[in-house]
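J.: Take a look at this one; I'll ask things after.
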There are 2 protein chains.
Amino acid sequence: MTTAKTTPSAPLAPPSMLDGLKRIKVPKSFDLLSEQLQAEIMSGNYPPGASLPTERELVAATGLSRGSVRESLRMLEAQGLLQTKAGRYGGSVVAAPTDALLNRHINVYAKGRSVPWTALVEVRQALEPTVAALAARNRSDDDLAELRRIAGRLDQAAANDVPAFLDENANWHAAIAAASRNDLLRALYSSVSGLMMEASQIKNFASEEIRQKVMLAHRRILDAIERRDEDAARRRTERDVQAYARYLEAVVQATGGFVDSSDLQR
Amino acid sequence: MTTAKTTPSAPLAPPSMLDGLKRIKVPKSFDLLSEQLQAEIMSGNYPPGASLPTERELVAATGLSRGSVRESLRMLEAQGLLQTKAGRYGGSVVAAPTDALLNRHINVYAKGRSVPWTALVEVRQALEPTVAALAARNRSDDDLAELRRIAGRLDQAAANDVPAFLDENANWHAAIAAASRNDLLRALYSSVSGLMMEASQIKNFASEEIRQKVMLAHRRILDAIERRDEDAARRRTERDVQAYARYLEAVVQATGGFVDSSDLQR
DNA sequence: CAAATACCTATGGTCCAACAATTGACCGCA
DNA sequence: TGCGGTCAATTGTTGGACCATAGGTATTTG
């Protein structure tokens with residue numbers, strides 16, 4: 001090393017060899033393989049249903065050990081990209097990511113970051129009016145029939161059966177989301193909605209009065225969806241969601257505490 | 001076996017032993033462990049930063065082999081719940097799920113399911129007005145300064161530097177999302193927004209005229225955010241997003257084709 | 001001939017043991 | 001005090017072996 005390194009009196013600004021260097025991350029073998037496989041799959045060369053090579057073939061192709069190969073496969077499996085079957089003619093098959101998987105990941109994110117309850121309400125506030133509007137636009141007759149059935153069961157349960165009411169309410173939201181005919185929107189909305197429901201149950205949110213209001217609100221929205229009136233569906237949902245948000249705020253004020261998702265943790 | 005099994009003339013309705021049985025799914029060891037660890041982490045007993053037992057301790061505690069334990073850890077790592085370091089005093093520590101991870105999962109979902117471009121637009125249409133409104137409500141002075149800087153660079157790039165323009169536009173959206181002070185909303189919006197940007201780039205969407213309109217729209221929204229005018233921010237964003245959607249529809253009509261996310265796949 | 005049955009075997013699932021690579025802490029020296 | 005080397009615990013990776021699973025196929029059976 002030259003003495004210039006530490007002498008402050010160096011005549012020229014010493015061009016350090018360090019300049020061209022950045023943080024070096026040593027990749028792990030299983031990371032490399034899993035990224036490679038993921039790229040391959042997402043490139044479209046392996047559509048859902050396509051079979052991956054067997055573990056032993058991957059071992060031969062990559063030069064890695066079977067353990068490392070398996071760790072890579074587990075990573076893709078955890079992301080919902082793969083599904084693995086044992087036995088002869090088994091193996092790993094490319095899978096279409098499911099709503100349930102995305103739901104889990106959103107759950108992990110929300111709980112892991114302790115996303116406050118208010119934030120969930122805000123996201124719902126953003127999504128639900130559009131969901132309703134799209135449902136009004138794209139619903140099928142079957143969707144409508146299903147919504148009617150759920151609304152009926154909701155009416156029945158509203159009077160005395162709180163658990164059933166909450167359950168049917170969840171079904172209601174899921175059904176509207178399905179009717180919107182937008183996979184991504186449905187998945188996102190269902191996740192957030194489910195997260196909130198969970199919180200509502202814990203907070204014992206379904207008073208008699210609330211249940212009645214929810215019921216009526218659903219009826220009005222159902223009406224708009226039936227008439228395929230997008231604007232009405234959107235406006236009515238906006239109103240309901242805002243009312244809910246205000247009510248929530250009042251409750252938070254009343255209980256004086258800050259309600260966050262840690263309440264969700266059993 | 002009794003002969004009654006196949007005789008149709010059995011006097012009584014034969015109460016079959018099969019009645020109480022349902023489909024049995026044999027669990028894999030690594031699935032069991034990973035679920036157990038995930039439950040433990042999400043229960044809050046292990047907040048981000050907490051250390052998990054070492055692999056060999058887990059082996060001792062569970063009776064599984066180290067390979068199975070490692071496969072479990074890889075699954076959690078792929079979900080963003082863990083981060084593992086090698087070396088003495090290394091090991092697995094609980095991590096707070098990052099936006100990047102959720103982004104990846106949403107990408108996997110959208111591309112894996114070939115979510116059409118129009119669906120992305122719809123989700124954006126749902127999220128962006130609320131994002132803008134919340135940004136107007138919750139922005140800090142630093143947020144505002146950052147937005148101003150980006151708007152300035154956007155103006156500069158609009159005339160001739162399309163790549164820089166697209167880049168700064170992405171920054172703009174990210175900055176607004178950050179100013180909304182809602183982690184989940186920010187993560188969801190950034191993901192969807194990024195997905196759309198990618199598509200826009202490929203479709204060569206940034207004509208001179210469009211760039212000018214985008215610039216003006218941003219200026220108007222920036223103004224509303226500066227004045228902390230939630231309603232204005234929401235309304236203006238709604239208008240812009242709708243205009244964008246209509247423009248998109250026109251382009252789709254013109255090209256005559258159906259544009260879906262498979263265009264994103266290289 | 002048809003149906004039930006018994007193998008057959010390729011594939012993932014699991015375990016074990018060993019060694020390599022990594023990395024923070026510790027210690028000794030100048 | 002600061003620097004460098006050593007140490008040791010922990011993950012990373014490999015190889016091999018055997019078990020469990022499950023679809024196909026041949027065989028037996030009626």
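Each chain in the structure tokens gets a letter, A, B and so on, in the order shown; residues start at 1 in every chain, and ligands are counted from 1 in the order they appear.
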Could you give the RMSD, in Å, left over when chain A is least-squares superposed onto chain B across all Cα atoms paired sequentially?
T.: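 Computed on C-alpha atoms only, the RMSD stands at 0.8 Å.
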J.: Using only C-alpha atoms (C1' of nucleotides) and a distance of at most 7 Å, pull out the residues of chain C that contact chain B, as a list in words.
T.: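 Result, ordered by chain then number: DC15, DT22, DT23 and DG24 of chain C.
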J.: Output as a PDB file with N, CA and C atoms, in the first residue's frame the set of chain A residues within 6 Å of chain B, with distances taken over only C-alpha atoms.
T.:
ATOM      1  N   SER A  43     -41.192 -16.421 -17.871  1.00  0.00           N
ATOM      2  CA  SER A  43     -40.996 -16.017 -19.260  1.00  0.00           C
ATOM      3  C   SER A  43     -42.100 -16.580 -20.143  1.00  0.00           C
ATOM      4  N   GLU A  71     -34.030 -27.444  -2.099  1.00  0.00           N
ATOM      5  CA  GLU A  71     -34.267 -26.164  -1.431  1.00  0.00           C
ATOM      6  C   GLU A  71     -34.778 -25.134  -2.431  1.00  0.00           C
ATOM      7  N   ARG A  74     -38.408 -25.849  -3.096  1.00  0.00           N
ATOM      8  CA  ARG A  74     -39.260 -25.434  -1.969  1.00  0.00           C
ATOM      9  C   ARG A  74     -39.529 -23.938  -2.026  1.00  0.00           C
ATOM     10  N   MET A  75     -38.528 -23.165  -2.418  1.00  0.00           N
ATOM     11  CA  MET A  75     -38.720 -21.710  -2.483  1.00  0.00           C
ATOM     12  C   MET A  75     -39.786 -21.364  -3.517  1.00  0.00           C
ATOM     13  N   ALA A  78     -43.181 -22.310  -2.221  1.00  0.00           N
ATOM     14  CA  ALA A  78     -43.703 -21.372  -1.224  1.00  0.00           C
ATOM     15  C   ALA A  78     -44.267 -20.126  -1.879  1.00  0.00           C
ATOM     16  N   ALA A  96     -50.636 -22.223 -11.567  1.00  0.00           N
ATOM     17  CA  ALA A  96     -51.117 -20.843 -11.617  1.00  0.00           C
ATOM     18  C   ALA A  96     -51.291 -20.369 -10.179  1.00  0.00           C
ATOM     19  N   PRO A  97     -50.695 -19.242  -9.848  1.00  0.00           N
ATOM     20  CA  PRO A  97     -50.787 -18.751  -8.466  1.00  0.00           C
ATOM     21  C   PRO A  97     -52.243 -18.576  -8.067  1.00  0.00           C
ATOM     22  N   TYR A 109     -47.541  -9.681   4.999  1.00  0.00           N
ATOM     23  CA  TYR A 109     -47.071  -8.295   4.925  1.00  0.00           C
ATOM     24  C   TYR A 109     -47.763  -7.435   5.977  1.00  0.00           C
ATOM     25  N   GLY A 112     -46.912  -8.689   9.526  1.00  0.00           N
ATOM     26  CA  GLY A 112     -45.485  -8.546   9.796  1.00  0.00           C
ATOM     27  C   GLY A 112     -45.085  -7.098   9.989  1.00  0.00           C
ATOM     28  N   ARG A 113     -45.762  -6.197   9.279  1.00  0.00           N
ATOM     29  CA  ARG A 113     -45.436  -4.787   9.428  1.00  0.00           C
ATOM     30  C   ARG A 113     -46.342  -4.101  10.425  1.00  0.00           C
ATOM     31  N   ALA A 119     -55.341   1.733   8.261  1.00  0.00           N
ATOM     32  CA  ALA A 119     -54.784   1.605   6.912  1.00  0.00           C
ATOM     33  C   ALA A 119     -55.586   0.592   6.108  1.00  0.00           C
ATOM     34  N   VAL A 123     -57.536   1.238   2.495  1.00  0.00           N
ATOM     35  CA  VAL A 123     -57.388   0.441   1.272  1.00  0.00           C
ATOM     36  C   VAL A 123     -58.747  -0.072   0.815  1.00  0.00           C
ATOM     37  N   ALA A 126     -60.587   2.465  -0.893  1.00  0.00           N
ATOM     38  CA  ALA A 126     -60.138   2.691  -2.261  1.00  0.00           C
ATOM     39  C   ALA A 126     -60.709   1.634  -3.200  1.00  0.00           C
ATOM     40  N   LEU A 127     -60.757   0.405  -2.747  1.00  0.00           N
ATOM     41  CA  LEU A 127     -61.078  -0.695  -3.652  1.00  0.00           C
ATOM     42  C   LEU A 127     -62.581  -0.911  -3.836  1.00  0.00           C
ATOM     43  N   THR A 130     -64.906   0.719  -6.641  1.00  0.00           N
ATOM     44  CA  THR A 130     -64.584   0.230  -7.982  1.00  0.00           C
ATOM     45  C   THR A 130     -65.041  -1.213  -8.155  1.00  0.00           C
ATOM     46  N   ASN A 182     -62.500  -9.318 -12.365  1.00  0.00           N
ATOM     47  CA  ASN A 182     -61.127  -8.821 -12.423  1.00  0.00           C
ATOM     48  C   ASN A 182     -60.341  -9.603 -11.376  1.00  0.00           C
ATOM     49  N   LEU A 185     -58.085  -7.588  -8.886  1.00  0.00           N
ATOM     50  CA  LEU A 185     -58.903  -6.786  -7.981  1.00  0.00           C
ATOM     51  C   LEU A 185     -59.602  -7.683  -6.964  1.00  0.00           C
ATOM     52  N   GLN A 265     -53.459 -10.711  16.226  1.00  0.00           N
ATOM     53  CA  GLN A 265     -52.582 -11.819  16.593  1.00  0.00           C
ATOM     54  C   GLN A 265     -53.154 -12.514  17.818  1.00  0.00           C
TER      55      GLN A 265
END
J.: Select from segment 16-211 of chain B everything DSSP, run on the backbone, classes as strand (DSSP E), then give the selection as an mmCIF file with C-alpha atoms, in the first residue's frame.
T.:
data_model
loop_
_atom_site.group_PDB
_atom_site.id
_atom_site.type_symbol
_atom_site.label_atom_id
_atom_site.label_comp_id
_atom_site.auth_asym_id
_atom_site.auth_seq_id
_atom_site.Cartn_x
_atom_site.Cartn_y
_atom_site.Cartn_z
ATOM 1 C CA LEU B 82 -36.843 -14.772 7.445
ATOM 2 C CA GLN B 83 -33.388 -13.683 6.611
ATOM 3 C CA THR B 84 -30.495 -16.047 7.112
ATOM 4 C CA LYS B 85 -26.864 -15.272 7.685
ATOM 5 C CA GLY B 91 -28.582 -17.840 11.857
ATOM 6 C CA SER B 92 -32.123 -16.982 10.908
ATOM 7 C CA VAL B 93 -33.741 -13.776 12.108
ATOM 8 C CA VAL B 94 -37.336 -12.719 11.666
#
J.: What residues in segment 73-242 of chain A get the DSSP label alpha helix (DSSP H)? Please answer as a PyMOL selection string.
T.: chain A and resi 73-78+99-112+117-138+141-158+162-179+183-203+208-226+230-242
J.: Write out the residues from the selection above, keeping C-alpha atoms, as a compact mmCIF listing (two decimals), in the first residue's frame.
T.:
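Once everything was written out, this is selection.txt:
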# COMPACT_ATOMS: atom_id res chain seq x y z
CA LEU A 73 -37.90 -26.09 -5.46
CA ARG A 74 -39.26 -25.43 -1.97
CA MET A 75 -38.72 -21.71 -2.48
CA LEU A 76 -40.72 -21.72 -5.69
CA GLU A 77 -43.37 -23.86 -4.06
CA ALA A 78 -43.70 -21.37 -1.22
CA ASP A 99 -55.89 -16.25 -4.63
CA ALA A 100 -55.24 -18.06 -1.39
CA LEU A 101 -51.49 -17.74 -1.86
CA LEU A 102 -51.62 -14.03 -2.63
CA ASN A 103 -53.93 -13.67 0.32
CA ARG A 104 -51.39 -15.32 2.58
CA HIS A 105 -48.62 -13.07 1.33
CA ILE A 106 -50.68 -9.96 1.90
CA ASN A 107 -51.50 -11.25 5.35
CA VAL A 108 -47.86 -11.79 6.08
CA TYR A 109 -47.07 -8.30 4.93
CA ALA A 110 -49.84 -6.63 6.88
CA LYS A 111 -49.23 -8.49 10.11
CA GLY A 112 -45.48 -8.55 9.80
CA TRP A 117 -56.37 -1.10 11.21
CA THR A 118 -57.05 2.34 9.85
CA ALA A 119 -54.78 1.60 6.91
CA LEU A 120 -56.82 -1.47 6.07
CA VAL A 121 -59.95 0.66 6.09
CA GLU A 122 -58.35 3.13 3.76
CA VAL A 123 -57.39 0.44 1.27
CA ARG A 124 -60.85 -0.99 1.42
CA GLN A 125 -62.21 2.48 0.89
CA ALA A 126 -60.14 2.69 -2.26
CA LEU A 127 -61.08 -0.70 -3.65
CA GLU A 128 -64.69 -1.34 -2.80
CA PRO A 129 -66.42 1.36 -4.88
CA THR A 130 -64.58 0.23 -7.98
CA VAL A 131 -65.34 -3.38 -7.18
CA ALA A 132 -69.03 -2.56 -6.96
CA ALA A 133 -68.99 -0.54 -10.16
CA LEU A 134 -67.27 -3.32 -12.06
CA ALA A 135 -69.66 -5.84 -10.61
CA ALA A 136 -72.53 -3.76 -11.95
CA ARG A 137 -70.90 -3.70 -15.34
CA ASN A 138 -69.73 -7.27 -15.64
CA ASP A 141 -77.04 -13.68 -14.16
CA ASP A 142 -75.51 -16.37 -11.99
CA ASP A 143 -73.61 -13.74 -10.03
CA LEU A 144 -76.83 -11.87 -9.47
CA ALA A 145 -78.64 -14.98 -8.30
CA GLU A 146 -75.84 -15.78 -5.91
CA LEU A 147 -75.88 -12.27 -4.49
CA ARG A 148 -79.62 -12.54 -3.98
CA ARG A 149 -79.24 -15.82 -2.14
CA ILE A 150 -76.60 -14.36 0.12
CA ALA A 151 -78.66 -11.26 0.79
CA GLY A 152 -81.55 -13.49 1.78
CA ARG A 153 -79.47 -15.50 4.20
CA LEU A 154 -78.04 -12.26 5.53
CA ASP A 155 -81.52 -10.96 6.32
CA GLN A 156 -82.36 -14.15 8.11
CA ALA A 157 -79.24 -14.11 10.23
CA ALA A 158 -79.26 -10.41 11.00
CA VAL A 162 -74.24 -12.94 14.71
CA PRO A 163 -71.63 -15.51 13.63
CA ALA A 164 -73.76 -16.53 10.65
CA PHE A 165 -74.27 -12.88 9.83
CA LEU A 166 -70.55 -12.20 9.77
CA ASP A 167 -69.99 -15.30 7.71
CA GLU A 168 -72.59 -14.37 5.14
CA ASN A 169 -71.28 -10.84 5.10
CA ALA A 170 -67.86 -12.20 4.13
CA ASN A 171 -69.54 -14.28 1.43
CA TRP A 172 -71.28 -11.19 0.18
CA HIS A 173 -68.06 -9.31 -0.29
CA ALA A 174 -66.41 -12.27 -1.95
CA ALA A 175 -69.35 -12.66 -4.32
CA ILE A 176 -69.29 -9.03 -5.39
CA ALA A 177 -65.55 -9.22 -5.91
CA ALA A 178 -66.02 -12.32 -8.05
CA ALA A 179 -68.70 -10.57 -10.11
CA ASP A 183 -58.86 -11.46 -10.94
CA LEU A 184 -56.32 -9.12 -9.43
CA LEU A 185 -58.90 -6.79 -7.98
CA ARG A 186 -60.82 -9.72 -6.56
CA ALA A 187 -57.74 -11.17 -4.93
CA LEU A 188 -56.57 -7.89 -3.44
CA TYR A 189 -60.00 -6.89 -2.24
CA SER A 190 -60.76 -10.26 -0.71
CA SER A 191 -57.51 -10.21 1.18
CA VAL A 192 -58.01 -6.77 2.64
CA SER A 193 -61.64 -7.45 3.30
CA GLY A 194 -60.80 -10.68 5.10
CA LEU A 195 -58.20 -8.97 7.21
CA MET A 196 -60.73 -6.39 8.28
CA MET A 197 -63.41 -8.94 9.01
CA GLU A 198 -61.04 -10.72 11.29
CA ALA A 199 -60.45 -7.51 13.15
CA SER A 200 -64.17 -6.70 13.29
CA GLN A 201 -64.95 -10.03 14.86
CA ILE A 202 -62.42 -9.48 17.56
CA LYS A 203 -63.62 -5.98 18.21
CA GLU A 208 -77.87 -4.85 16.18
CA GLU A 209 -77.99 -1.37 14.73
CA ILE A 210 -74.95 -1.90 12.56
CA ARG A 211 -76.30 -5.17 11.26
CA GLN A 212 -79.49 -3.51 10.14
CA LYS A 213 -77.61 -0.74 8.40
CA VAL A 214 -75.30 -3.17 6.65
CA MET A 215 -78.29 -5.12 5.46
CA LEU A 216 -79.99 -2.11 3.98
CA ALA A 217 -76.80 -0.91 2.36
CA HIS A 218 -76.34 -4.27 0.70
CA ARG A 219 -79.88 -4.19 -0.59
CA ARG A 220 -79.34 -0.82 -2.20
CA ILE A 221 -76.12 -1.92 -3.83
CA LEU A 222 -77.68 -5.14 -4.99
CA ASP A 223 -80.36 -3.08 -6.64
CA ALA A 224 -77.80 -1.00 -8.52
CA ILE A 225 -75.91 -4.09 -9.61
CA GLU A 226 -79.12 -5.65 -10.80
CA GLU A 230 -72.28 1.41 -12.42
CA ASP A 231 -72.42 4.93 -11.10
CA ALA A 232 -75.09 4.19 -8.56
CA ALA A 233 -73.22 1.12 -7.35
CA ARG A 234 -70.05 3.14 -6.99
CA ARG A 235 -71.71 6.08 -5.24
CA ARG A 236 -73.68 3.99 -2.81
CA THR A 237 -70.66 1.94 -1.92
CA GLU A 238 -68.59 5.06 -1.45
CA ARG A 239 -71.19 6.37 0.94
CA ASP A 240 -71.37 3.17 2.94
CA VAL A 241 -67.66 2.81 3.16
CA GLN A 242 -67.28 6.39 4.33
J.: With 7 Å as the cut-off and only C-alpha atoms (C1' of nucleotides) counted, what is the closest atom pair between each nearby residue of chain D and chain A? Distances in Å to one decimal, ordered by chain and number, as CSV.
T.:
residue,atom,partner,partner_atom,distance
D:DT14,C1',A:Ser65,CA,5.9
D:DT21,C1',A:Gly87,CA,4.4
D:DA22,C1',A:Gly87,CA,4.6
D:DG23,C1',A:Arg88,CA,6.0
J.: Create the file for the chosen residues now, containing C-alpha atoms (C1' of nucleotides) and written as a JSON list (two decimals), in the first residue's frame.
T.:
[["chain", "number", "residue", "atom", "x", "y", "z"],
["D", 14, "DT", "C1'", -22.18, -32.48, -1.06],
["D", 21, "DT", "C1'", -45.72, -43.06, -2.97],
["D", 22, "DA", "C1'", -48.29, -43.92, -6.90],
["D", 23, "DG", "C1'", -49.15, -44.80, -11.66]]
J.: So what do you get for atom CA of Leu52 of chain B versus atom C1' of DG12 of chain D, distance-wise?
T.: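 Between atom CA of Leu52 of chain B and atom C1' of DG12 of chain D the gap is 17.7 Å.
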J.: So what do you get for atom CA of Ser207 of chain A versus atom CA of Ala243 of chain A, distance-wise?
T.: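 Pair atom CA of Ser207 of chain A / atom CA of Ala243 of chain A returns 15.0 Å.
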J.: To one decimal in Å, tell me the separation between atom CA of Glu35 of chain B and atom CA of Val69 of chain B.
T.: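 Between these atoms lies a distance of 11.9 Å.
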J.: Extract, using only C-alpha atoms (C1' of nucleotides), all DNA, RNA and protein residues at most 9 Å from DT28 of chain D, discarding same-chain residues fewer than 5 positions from it, and format them as a PyMOL selection string.
T.: chain C and resi 4-6
J.: Within 9 Å of DC7 of chain C, counting only C-alpha atoms (C1' of nucleotides), which residues qualify if same-chain residues fewer than 5 places away don't, as a list in words?
T.: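 Residues near the query, excluding close chain neighbours: DT25, DA26 and DT27 of chain D.
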J.: Write out, as a JSON list (two decimals), in the first residue's frame, the residues just selected, with N, CA and C atoms (P, O5', C5', C4', C3', O3' and C1' of nucleotides).
T.:
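The file below, out.json, is the result:
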[["chain", "number", "residue", "atom", "x", "y", "z"],
["D", 25, "DT", "P", -48.37, -48.89, -19.19],
["D", 25, "DT", "O5'", -48.10, -50.35, -18.58],
["D", 25, "DT", "C5'", -46.87, -50.60, -17.92],
["D", 25, "DT", "C4'", -46.85, -52.04, -17.42],
["D", 25, "DT", "C3'", -47.55, -53.05, -18.33],
["D", 25, "DT", "O3'", -46.75, -54.21, -18.44],
["D", 25, "DT", "C1'", -48.43, -53.21, -16.16],
["D", 26, "DA", "P", -47.07, -55.25, -19.61],
["D", 26, "DA", "O5'", -47.09, -56.60, -18.77],
["D", 26, "DA", "C5'", -46.03, -56.90, -17.89],
["D", 26, "DA", "C4'", -46.53, -57.82, -16.79],
["D", 26, "DA", "C3'", -47.17, -59.12, -17.29],
["D", 26, "DA", "O3'", -46.63, -60.21, -16.55],
["D", 26, "DA", "C1'", -48.67, -57.99, -15.84],
["D", 27, "DT", "P", -46.98, -61.66, -16.99],
["D", 27, "DT", "O5'", -47.99, -62.06, -15.83],
["D", 27, "DT", "C5'", -47.65, -61.76, -14.48],
["D", 27, "DT", "C4'", -48.84, -62.09, -13.58],
["D", 27, "DT", "C3'", -49.56, -63.40, -13.95],
["D", 27, "DT", "O3'", -49.50, -64.29, -12.85],
["D", 27, "DT", "C1'", -51.11, -61.62, -13.60]]
